[in-house]
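Printed here is final_37.txt (compact mmCIF, C-alpha atoms):
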```txt
# COMPACT_ATOMS: atom_id res chain seq x y z
CA MET A 1 0.00 0.00 0.00
CA SER A 2 1.12 3.51 -0.60
CA GLY A 3 -0.08 7.06 -0.21
CA PRO A 4 -3.41 7.94 1.46
CA MET A 5 -4.51 4.30 1.78
CA ALA A 6 -1.39 3.39 3.80
CA ALA A 7 -1.89 6.42 6.08
CA ASP A 8 -5.56 5.51 6.61
CA ALA A 9 -4.66 1.86 7.42
CA ALA A 10 -1.92 3.02 9.80
CA ARG A 11 -4.39 5.36 11.63
CA ARG A 12 -6.85 2.49 12.10
CA ARG A 13 -4.11 0.32 13.66
CA GLY A 14 -2.81 3.14 15.81
CA THR A 15 0.62 3.41 14.15
CA ARG A 16 2.35 6.18 12.24
CA PRO A 17 2.63 5.97 8.46
CA GLY A 18 5.95 4.31 7.55
CA GLN A 19 6.35 2.76 11.02
CA GLU A 20 4.93 -0.51 9.67
CA ASP A 21 7.66 -0.68 6.99
CA ALA A 22 10.33 -0.03 9.62
CA ASP A 23 8.84 -2.76 11.83
CA LYS A 24 8.81 -5.19 8.89
CA SER A 25 12.44 -4.51 8.02
CA GLU A 26 13.46 -4.88 11.68
CA LEU A 27 11.53 -8.14 11.91
CA THR A 28 13.13 -9.36 8.69
CA GLU A 29 16.59 -8.61 10.11
CA ILE A 30 15.81 -10.47 13.34
CA ILE A 31 14.47 -13.49 11.48
CA GLY A 32 17.50 -13.45 9.16
CA ALA A 33 19.88 -13.41 12.14
CA ILE A 34 18.03 -16.31 13.78
CA VAL A 35 18.11 -18.35 10.56
CA ASP A 36 21.83 -17.62 10.04
CA GLU A 37 22.60 -18.67 13.62
CA SER A 38 20.51 -21.82 13.25
CA LEU A 39 22.21 -22.75 9.99
CA SER A 40 25.69 -22.22 11.43
CA GLU A 41 24.79 -24.41 14.44
CA LYS A 42 23.47 -27.12 12.11
CA ALA A 43 26.62 -26.95 10.00
CA SER A 44 28.88 -27.32 13.03
CA VAL A 45 26.78 -30.19 14.38
CA SER A 46 26.37 -31.93 11.01
CA GLN A 47 30.13 -32.29 10.36
CA PRO A 48 30.67 -34.65 13.32
CA LYS A 49 27.45 -36.47 12.43
CA GLN A 50 28.66 -36.90 8.85
CA ALA A 51 31.94 -38.30 10.15
CA GLU A 52 30.02 -40.71 12.40
CA VAL A 53 27.86 -41.83 9.49
CA LEU A 54 30.95 -42.33 7.33
CA VAL A 55 32.69 -44.43 9.99
CA ARG A 56 29.51 -46.42 10.64
CA THR A 57 29.14 -47.09 6.92
CA LYS A 58 32.74 -48.30 6.65
CA VAL A 59 32.36 -50.58 9.67
CA LEU A 60 29.12 -52.04 8.30
CA ALA A 61 30.74 -52.58 4.88
CA ALA A 62 33.71 -54.35 6.47
CA ALA A 63 31.43 -56.51 8.64
CA GLY A 64 29.33 -57.36 5.60
CA LEU A 65 32.43 -58.34 3.62
CA VAL A 66 33.61 -60.60 6.45
CA CYS A 67 30.15 -62.23 6.72
CA ILE A 68 29.91 -62.80 2.97
CA SER A 69 33.43 -64.22 2.69
CA THR A 70 32.86 -66.51 5.67
CA SER A 71 29.50 -67.67 4.29
CA ILE A 72 31.03 -68.41 0.88
CA GLY A 73 33.82 -70.45 2.46
CA ILE A 74 31.35 -72.45 4.55
CA LEU A 75 29.01 -73.03 1.60
CA TYR A 76 31.91 -74.20 -0.58
CA LYS A 77 32.95 -76.68 2.09
CA VAL A 78 29.40 -77.93 2.69
CA SER A 79 28.72 -78.35 -1.03
CA GLN A 80 31.74 -80.57 -1.58
CA ALA A 81 31.11 -84.28 -1.92
CA ALA A 82 32.86 -86.74 0.42
CA THR A 83 34.94 -88.02 -2.50
CA GLY A 84 36.27 -84.54 -3.28
CA GLY A 85 34.83 -82.42 -6.03
CA PHE A 86 31.35 -80.91 -5.88
CA ARG A 87 27.86 -82.41 -5.92
CA TYR A 88 26.86 -80.19 -8.82
CA SER A 89 28.26 -79.00 -12.09
CA THR A 90 30.47 -76.02 -11.30
CA THR A 91 30.17 -74.75 -14.86
CA SER A 92 26.38 -74.75 -14.60
CA ALA A 93 26.51 -72.97 -11.24
CA ILE A 94 28.72 -70.23 -12.68
CA ALA A 95 26.57 -69.93 -15.80
CA ILE A 96 23.40 -69.54 -13.71
CA ALA A 97 25.03 -66.96 -11.44
CA GLU A 98 26.42 -64.95 -14.36
CA MET A 99 23.14 -65.09 -16.28
CA THR A 100 21.30 -63.82 -13.18
CA LYS A 101 23.75 -60.90 -12.89
CA PHE A 102 23.38 -60.17 -16.62
CA VAL A 103 19.57 -60.10 -16.43
CA MET A 104 19.68 -57.84 -13.37
CA SER A 105 22.07 -55.38 -15.04
CA CYS A 106 19.93 -55.33 -18.20
CA CYS A 107 16.82 -54.60 -16.14
CA PHE A 108 18.60 -51.78 -14.31
CA HIS A 109 19.73 -50.31 -17.64
CA VAL A 110 16.32 -50.60 -19.29
CA PHE A 111 14.48 -48.99 -16.38
CA ASP A 112 17.06 -46.24 -15.85
CA PRO A 113 15.34 -42.96 -16.78
CA SER A 114 18.56 -41.05 -17.52
CA HIS A 115 18.82 -42.23 -21.15
CA ARG A 116 15.15 -41.85 -22.14
CA ASP A 117 13.86 -38.88 -24.11
CA GLY A 118 10.42 -37.58 -23.19
CA GLY A 119 7.87 -40.33 -23.65
CA GLY A 120 10.00 -42.79 -25.64
CA SER A 121 9.77 -46.52 -25.12
CA LYS A 122 12.15 -48.03 -22.58
CA LEU A 123 13.68 -50.90 -24.55
CA PRO A 124 14.56 -49.06 -27.80
CA SER A 125 16.05 -46.11 -25.90
CA ALA A 126 18.09 -48.49 -23.71
CA TRP A 127 19.38 -50.30 -26.82
CA ALA A 128 20.23 -46.99 -28.53
CA SER A 129 22.06 -45.77 -25.42
CA ALA A 130 24.09 -48.98 -25.13
CA SER A 131 24.87 -49.02 -28.87
CA SER A 132 26.09 -45.43 -28.82
CA GLN A 133 28.54 -46.19 -25.99
CA LEU A 134 30.01 -49.47 -27.26
CA SER A 135 32.32 -50.23 -30.16
CA TYR A 136 33.39 -53.61 -31.57
CA HIS A 137 36.79 -53.06 -29.98
CA ALA A 138 35.24 -52.52 -26.52
CA VAL A 139 32.96 -55.55 -26.93
CA GLY A 140 35.99 -57.66 -27.87
CA HIS A 141 37.75 -56.56 -24.68
CA ILE A 142 34.65 -57.38 -22.63
CA TRP A 143 34.55 -60.90 -24.16
CA LEU A 144 38.24 -61.39 -23.38
CA LEU A 145 37.74 -60.30 -19.78
CA SER A 146 34.72 -62.58 -19.42
CA ALA A 147 36.76 -65.54 -20.70
CA LEU A 148 39.49 -64.77 -18.15
CA TYR A 149 36.85 -64.42 -15.45
CA THR A 150 35.37 -67.81 -16.37
CA THR A 151 38.80 -69.42 -16.25
CA ASN A 152 39.44 -67.83 -12.86
CA ASN A 153 36.14 -69.16 -11.50
CA GLN A 154 36.87 -72.70 -12.73
CA LEU A 155 40.37 -72.59 -11.22
CA SER A 156 38.83 -71.39 -7.95
CA PHE A 157 36.50 -74.38 -7.84
CA TYR A 158 39.42 -76.69 -8.61
CA THR A 159 41.48 -75.08 -5.84
CA TYR A 160 38.65 -75.63 -3.36
CA THR A 161 38.84 -79.37 -4.03
CA LEU A 162 42.56 -79.38 -3.16
CA ALA A 163 42.65 -77.07 -0.11
CA ASP A 164 40.22 -76.11 2.61
CA PRO A 165 38.27 -72.87 2.07
CA GLY A 166 39.95 -71.16 5.05
CA THR A 167 43.38 -71.47 3.46
CA VAL A 168 42.07 -70.33 0.09
CA PHE A 169 40.39 -67.26 1.60
CA LEU A 170 43.50 -66.45 3.62
CA PHE A 171 45.56 -66.26 0.41
CA LYS A 172 42.77 -64.41 -1.41
CA SER A 173 42.60 -61.74 1.27
CA GLY A 174 46.39 -61.40 1.22
CA SER A 175 46.53 -60.99 -2.55
CA THR A 176 46.32 -57.20 -2.33
CA MET A 177 49.33 -57.05 -0.02
CA ILE A 178 51.21 -59.54 -2.20
CA VAL A 179 50.61 -57.46 -5.34
CA ALA A 180 51.59 -54.23 -3.53
CA THR A 181 54.78 -55.82 -2.20
CA ILE A 182 55.74 -57.10 -5.66
CA GLN A 183 55.12 -53.63 -7.13
CA VAL A 184 57.35 -52.03 -4.49
CA LEU A 185 60.16 -54.58 -4.84
CA CYS A 186 60.13 -55.19 -8.60
CA VAL A 187 58.73 -52.03 -10.16
CA GLY A 188 59.80 -49.44 -7.60
CA LYS A 189 56.29 -48.09 -7.03
CA ARG A 190 55.73 -46.04 -3.88
CA PHE A 191 52.57 -46.18 -1.77
CA SER A 192 51.39 -43.70 0.84
CA VAL A 193 50.66 -44.74 4.42
CA ASP A 194 46.92 -44.66 3.71
CA GLN A 195 47.33 -46.95 0.71
CA TRP A 196 49.22 -49.53 2.77
```

Could I get this file's structure written as structure tokens?
Amino acid sequence: MSGPMAADAARRRGTRPGQEDADKSELTEIIGAIVDESLSEKASVSQPKQAEVLVRTKVLAAAGLVCISTSIGILYKVSQAATGGFRYSTTSAIAIAEMTKFVMSCCFHVFDPSHRDGGGSKLPSAWASASSQLSYHAVGHIWLLSALYTTNNQLSFYTYTLADPGTVFLFKSGSTMIVATIQVLCVGKRFSVDQW
């Protein structure tokens, strides 16, 4: 409001014209100061909370990794036949597991909204997105890696028939340190304290 209407409204409320604007600006300053103070308190409190959440997440991830590794070792041992070997076809087990992972990743890609335009269909846009990102060279590398991965899985199953799962997992968990040590001794690579 401005002019005579503002003066008339101010008289009815018992205030001077212009006093209301001054009161509003003062109130705005007070509210702004309170909000700034509140935000600074939240920022100082949230940093320790973020650190706690980060540590908690790392501890849970480590505990989950230990549980999964232990469960895998126990399941490998339980699934072995008394004569050595396994009670099932290891190749079939790997094929089923890999096919399940492939179907899951395809579903995640198809239903991912980031590559769809407007109201386009899901499957054609997913295919177009994948085709635009892959070349024959890249697909050849993926096939090579999958062949090496298959060979590694078969060798792992063979190793489990020769040694107990505890010994196998002990060497698997030490593989990172073994590789780092070889890199330091043979290649001359340097690692920071955090990396060790």

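Of note, CA of Phe169 in chain A and CA of Ile72 in chain A are spaced 9.5 Å apart.
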
Separation of CA of Trp143 in chain A and CA of Thr90 in chain A, in Å? 20.3 Å

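Nearest to Cys106 in chain A of all the residues A:Gly84, A:Leu123, A:Val187, A:Thr91 is A:Leu123, based on only C-alpha atoms.
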
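Relative to CA of Phe86 in chain A, CA of Tyr160 in chain A is found at 9.4 Å.
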
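The shortest atom-to-atom distance to Phe108 in chain A, with all atoms listed in the file taken into account, belongs to A:Ala126 out of A:Ala126, A:Ala93, A:Leu185, A:Ala63.
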